[in-house]
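Reviewing the structure listed below.
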Amino acid sequence: MQGGSSGIGYGLKYQARCISDVKADTDHTSFITGTLSLREENEVHLIRLSSGGTELICEGLFSHPNEIWDLASCPFDQRIFSTVFSTGESYGAAIWQIPELYGQLNSPQLEQIASLDAHVGKINCVLWWPSGRHDKLISIDDENLLLWSLDCLKKVAQVQSKESAGMLHYLSSGAWDPHDVNAVAATCESSVQFWDLRTMKKANSIEHAHIRKANYDVKKKHMLVTAEDESGIHVWDLRKPKIPVKELPGHMHWTWAVTCNPEYDGLILSAGTDSTVNLWLAPTSASDESTSGSIAESPTQQADPLLNSYSDYEDSVYGLAWSSREPWIFASLSYDGRVVVESIKPFLSRK
Amino acid sequence: MGTDDVPLDDKAKRMRDLLSSFYSPDPSSTPNASSKHGALDAINTNSFNADQYMNLLVQKSNLEALLQRHVEMAAEIKNLDTDLQMLVYENYNKFISATDAIKRMKSNIVGMEANMEQLLDKIMSVQSRSDGVNTSLFEKREHIEKLHRTRNLLRKVQFIYDLPARLGKCIKSEAYADAVKFYTGAMPIFKAYGDSSFQDCKRASEEAVAIIVKNLQRKLFSDSESIQARAEAAVLLKQLDFPVDSLKAKLLEKLEQSLGDLQLKTDELENVTVESTDPSKQGKVSDSIRSTPHEASVREFAEAICAYRVIFPDSEKQLITLAQDLVIKHFEMTEQYVKRRISSANLLGVLRTIWTDVLLMDEILCEAVLPDFSLEAAQVAVKQYVASTFTHLLQDISDALLKVNISPKEAAEEFPLQVALEASKKAVLQGSMDVLLDFRQLLDDDLGLLVKLRDFIIDWVQEGFQDFFRALDDRFLLLSGKNNSSSQDNGLTEGTQSEKVLAGLVLVLAQLSVFIEQTAIPRITEEIAASFSGGGVRGYENGPAFVPGEICRIFRSAGEKLLHHYINMSTQRVSTLLRKRFTTPNWVKHKEPREVHMFVDLFLQELEAVGSEVKQILPQGLLRKHRRSDSNGSTTSSRSNPLRDDKMSRSNTHRGRSQLLETHLAKLFKQKVEIFTKVEYTQESVVTTIVKLCLKSLQEFVRLQTFNRSGFQQIQLDIQFLRTPLKETVEDEAAIDFLLDEVIVAASERCLDPIPLEPPILDRLIQAKLAKSKEQNPIAS
């Protein structure tokens, strides 16, 4: 495990939790991130990796009215993104548009397209369908799952349907199936719930405690990766939700975020509160050996699934995003507001 | 031109016919080969047609060619004429010489007739004389022949009339062989004339033969008769056309029956063995004494088989199966026996008995290759024995471990975990040693059977250990609930009570793994090297079956995993506690702190439980750090002081950003505190790790909330209260201090209005809490 000073750093002014790949920007590798400061004026940073890949350039800096708890870039329009924010006492979510000609303005203001203001409780995240243009949005708060229909031109967002997760199910996060526009996974305290958006009903669930984040495998259908606080990372095949296909040990402390590489099969990135980002290689197709679930190492078992551990962080890492344009590049964001972009190219050859 | 040729043609044709009829072997075969094909070269064939030829010649040739042809043909004709003349001449010569020969013959044949007549006369006289002799001797010869026939007949009649008496005599003198010979000799006559002239005789002799048969049968079945005699009897019976096969079958049945009896005896013997070897070690002596009845019966059986074999020489195959049946039954018994829990002494006893039996049988029936056969069977049995021994050992160990689950509820022992650990340690080490000792006995015995199996046994024992430890590792994981199947119903859904016990068990398992790696494996390796080296039936390329290095590695990693699992389980419990604490209240509308929140007590309780578990199992760390108990009171770490001052003064300025900057700066200048260090197998290390992880979780939970001033102050108060007891339990004070500070920093960062409590109020609330807890359980303090 190397110390990993290979990454390219970029400092935000304040603490931050979320970073997102600007997928719609096909010309540049760029990320968007927002700060989380309760008492200061928060900012949204649009960061671009220079063409040489050696430095991160601030492409845009916009002030955001509240601290940002979640941020997601629109997969079909690079100027649109969503945020979930908090005033300290209440929560809100909105769709924003980066103003045109922002390069010429001194202090460009974000243009609010729509406010997703049908929530009461704590909003957790806003989801875009990751695979392309889709006029629907999902927002998840503690108790409800809301489906919005968004019209960017008319700048309106309307609640299309709303469903409660049920008593005592506190939703924490979610993921939209890139293979199925009608399937959404929502994590709650004791399970992952799978929702069918056509009927707004729970279709299925994986009972497993304290799942924090879930992420669908973009390449492989039915594969879901989950990160749990204490018990690491699990890879699930949704067709057999009883037993995980694979278990990875995760982090020394909580495993906060996990994300599958959009291009290379079996490459999983996880971020943890032990201030590390781990790169795992966990091919699921090759062998089903972990159906037995035992982590006992037989002497012939394959090598350590942990390819590398990036530990050059000062604080817990909450934000993690692969670049979809250059899938060997990922951005990570630690709580102290440091964005680090790393390339996994040295590890690709090992595959 | 045609007319010119006619006489020549006629003449030539006649000549040719004559010649060809004379010379050609088969003149009829070519007479009418068609004359149609009038080729020019057809002139030499039988079917030559001169007209055609001419026509053809005239048509085809010009004058010159015709002329030339004419010349040629004239020459050819001349040639033919001369040839003809030559032939006629030669024939004439032959004819003349033939006439000469005939003349000579005629003159020679004239004197022969007289000689022939003389010869005839002489032959006639010879014949008449021989006829005279024949007639004169004929009568006498005829008479002699008749006399001779009569005599033979009379003798036979005499014999048959004498037969019954003679048979009776034979019976009396037990000369059955002669009797049978006589009877079989008389048989054809009886067959021919038995119904008429010799009726009485036949009946009498048949009666006698019946007696003979009866006697012979009796003789055959009586064990007292000599084998020779019995064999003879069998042969005689066979000669008498008695159905021998049924006899054979009957005898075989008898043998099988005795085999069954033998089996029963073995069983009894085994029972006796079990009983007698238990009290004392004299088993060996008493074994040999007690085995005599069994041995005798086996000997008897062997003799019977031997006899049978002599009697029925063609019955080997049946006997071999019979003997093999015996061995198979023996070993079936042994396998049953092995399934019960027995010591190798008992096994040895049984094997020894079997082996003597086998040797006995082998003397008699070496074709059965019984030693080899029983060797194979013994191989299976011993292998099974080894396997079952290891299974029992595994069961013992897990039983010892599972006692943890039962004991704390029933017998409130003081240190259930420790007891379990000691018991299981003993089970592992003592059990393995006993097993090895047991196997040693097998090896040291000089029983022929086992000597041959020695190499196999060594390999099996080594393999057995290898497999045993693998199985043990699996069992550990199973017990620890790491397996998916069990983890979901054990670890998570069951109540806290069983979870607690399970956590302790995991710790015991972890420590046991270390013990196995560091103590048990070396001991066992030593022992194996001392008495189980060699082997080598497995090819060398496979290496030795027992690979202590690999086992050590397995258990080292298992130990680490289990320890981590234990830590995880403990932190998970605290996590649930913290989660409840932080998700339930509305922190933004928190009321002013009045007392230390009770979650602190629960937290400390959990830690205490962990501490007590750990204390039972793990050793103390060697480097017991110097404890600054005197400075514990209400200290705050040097690092948190400036922070707090800063926080106090921040209300009038707008320096949130600089505050962040400062914390960053502080971090830069402060040595980075290693929160996640490697866990060691010591009480302090484990507890410290758990506390660290819990505090980190606490920090993360705090970061997810937004606090008002009172909420922040509550956190501050709780953390301040935790500071002292935590530092007492923990090795790495600096790290704990750092983490506690981090929690407060996190809270202040997430606070809308971070004004900390005044130190005096803080102190007062803490003192109140201390006093209260002292009041509640004075014994504990």
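All residue names refer to the structure tokens as shown: chains lettered A, B, ... in order, residues numbered from 1 in each chain, ligands numbered from 1 in order.
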
TODO: Excluding Gly174 in chain A and any residue of its chain fewer than 2 positions from it, enumerate the residues within 10 Å of it, using only C-alpha atoms, and give them as JSON, numbers by chain.
DONE: {"A": [124, 125, 126, 127, 138, 139, 140, 145, 171, 172, 176, 177, 184, 185, 186, 187, 188, 192, 193, 194, 212, 213, 214, 215]}

Open item on the list: I need the residues of range 120-332 of chain A that end up classed as strand (DSSP E) by DSSP on the backbone, written out as a PyMOL selection string.
Closed with: chain A and resi 123-128+136-141+144-151+156-164+171-176+183-188+191-196+201-207+211-216+223-228+232-237+246-248+255-260+267-272+276-281+306-310+317-322+329-332

Open item on the list: Neighbouring residues of range 518-527 of chain B were defined as those with any atom within 8 Å, considering only C-alpha atoms; residues of the same chain fewer than 3 positions away were excluded. Please report them as a PyMOL selection string.
Closed with: chain B and resi 428-429+432-433+436+514-515+530-532+548+551-552

Next, the residues of the selection above should be written as a PDB file, in the first residue's frame with N, CA, C and O atoms.
ATOM      1  N   VAL B 428      -7.609 -29.114  23.009  1.00  0.00           N
ATOM      2  CA  VAL B 428      -6.816 -29.129  21.785  1.00  0.00           C
ATOM      3  C   VAL B 428      -5.497 -29.850  22.014  1.00  0.00           C
ATOM      4  O   VAL B 428      -5.168 -30.829  21.335  1.00  0.00           O
ATOM      5  N   LEU B 429      -4.753 -29.379  23.015  1.00  0.00           N
ATOM      6  CA  LEU B 429      -3.396 -29.883  23.177  1.00  0.00           C
ATOM      7  C   LEU B 429      -3.418 -31.315  23.691  1.00  0.00           C
ATOM      8  O   LEU B 429      -2.836 -32.214  23.099  1.00  0.00           O
ATOM      9  N   SER B 432      -4.900 -33.701  21.206  1.00  0.00           N
ATOM     10  CA  SER B 432      -4.002 -34.062  20.102  1.00  0.00           C
ATOM     11  C   SER B 432      -2.920 -35.009  20.604  1.00  0.00           C
ATOM     12  O   SER B 432      -2.552 -35.972  19.930  1.00  0.00           O
ATOM     13  N   MET B 433      -2.406 -34.703  21.800  1.00  0.00           N
ATOM     14  CA  MET B 433      -1.340 -35.546  22.331  1.00  0.00           C
ATOM     15  C   MET B 433      -1.857 -36.970  22.563  1.00  0.00           C
ATOM     16  O   MET B 433      -1.186 -37.949  22.244  1.00  0.00           O
ATOM     17  N   LEU B 436      -2.155 -38.692  19.374  1.00  0.00           N
ATOM     18  CA  LEU B 436      -0.850 -39.102  18.865  1.00  0.00           C
ATOM     19  C   LEU B 436      -0.336 -40.324  19.607  1.00  0.00           C
ATOM     20  O   LEU B 436       0.212 -41.253  19.013  1.00  0.00           O
ATOM     21  N   VAL B 514      -4.600 -18.396  18.354  1.00  0.00           N
ATOM     22  CA  VAL B 514      -3.222 -18.006  18.630  1.00  0.00           C
ATOM     23  C   VAL B 514      -2.509 -19.124  19.365  1.00  0.00           C
ATOM     24  O   VAL B 514      -1.362 -19.474  19.060  1.00  0.00           O
ATOM     25  N   PHE B 515      -3.225 -19.683  20.324  1.00  0.00           N
ATOM     26  CA  PHE B 515      -2.628 -20.764  21.099  1.00  0.00           C
ATOM     27  C   PHE B 515      -2.264 -21.932  20.186  1.00  0.00           C
ATOM     28  O   PHE B 515      -1.181 -22.502  20.287  1.00  0.00           O
ATOM     29  N   ALA B 530       8.946 -36.827  15.665  1.00  0.00           N
ATOM     30  CA  ALA B 530       9.612 -37.836  16.477  1.00  0.00           C
ATOM     31  C   ALA B 530       9.142 -39.232  16.106  1.00  0.00           C
ATOM     32  O   ALA B 530       9.950 -40.148  15.985  1.00  0.00           O
ATOM     33  N   SER B 531       7.855 -39.395  15.933  1.00  0.00           N
ATOM     34  CA  SER B 531       7.391 -40.774  15.785  1.00  0.00           C
ATOM     35  C   SER B 531       6.619 -41.031  14.509  1.00  0.00           C
ATOM     36  O   SER B 531       6.279 -42.163  14.224  1.00  0.00           O
ATOM     37  N   PHE B 532       6.319 -40.010  13.775  1.00  0.00           N
ATOM     38  CA  PHE B 532       5.518 -40.276  12.570  1.00  0.00           C
ATOM     39  C   PHE B 532       6.229 -39.810  11.315  1.00  0.00           C
ATOM     40  O   PHE B 532       5.611 -39.501  10.325  1.00  0.00           O
ATOM     41  N   PRO B 548       2.897 -27.982   8.792  1.00  0.00           N
ATOM     42  CA  PRO B 548       2.629 -27.109   9.943  1.00  0.00           C
ATOM     43  C   PRO B 548       2.638 -25.642   9.542  1.00  0.00           C
ATOM     44  O   PRO B 548       1.883 -24.838  10.105  1.00  0.00           O
ATOM     45  N   ILE B 551      -0.740 -24.685   8.292  1.00  0.00           N
ATOM     46  CA  ILE B 551      -1.713 -24.656   9.383  1.00  0.00           C
ATOM     47  C   ILE B 551      -1.498 -23.411  10.241  1.00  0.00           C
ATOM     48  O   ILE B 551      -2.447 -22.714  10.605  1.00  0.00           O
ATOM     49  N   CYS B 552      -0.246 -23.130  10.513  1.00  0.00           N
ATOM     50  CA  CYS B 552       0.067 -21.943  11.317  1.00  0.00           C
ATOM     51  C   CYS B 552      -0.482 -20.710  10.615  1.00  0.00           C
ATOM     52  O   CYS B 552      -1.083 -19.838  11.250  1.00  0.00           O
TER      53      CYS B 552
END

Task: Selected residue, from A:Ser6, A:Ser334, A:Asn278, A:Gln15, that lies nearest to chain B when counting only C-alpha atoms - done: A:Gln15

Open item on the list: Please report the interatomic distance between CA of Phe190 in chain B and CA of Phe242 in chain B in Å with one decimal.
Closed with: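 Computed distance, CA of Phe190 in chain B to CA of Phe242 in chain B, equals 17.9 Å.
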
Open item on the list: As an exercise, work out the distance from CA of Thr45 in chain B to CA of Thr82 in chain B in Å and give it to one decimal place.
Closed with: 20.2 Å

Task: Shell of 7 Å around Asp274 in chain A, only C-alpha atoms, local chain residues under 2 positions omitted, as a PyMOL selection string - done: chain A and resi 251-253+272+276+316

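The spacing separating CA of Lys13 in chain A from CA of Gly337 in chain A amounts to 6.6 Å.
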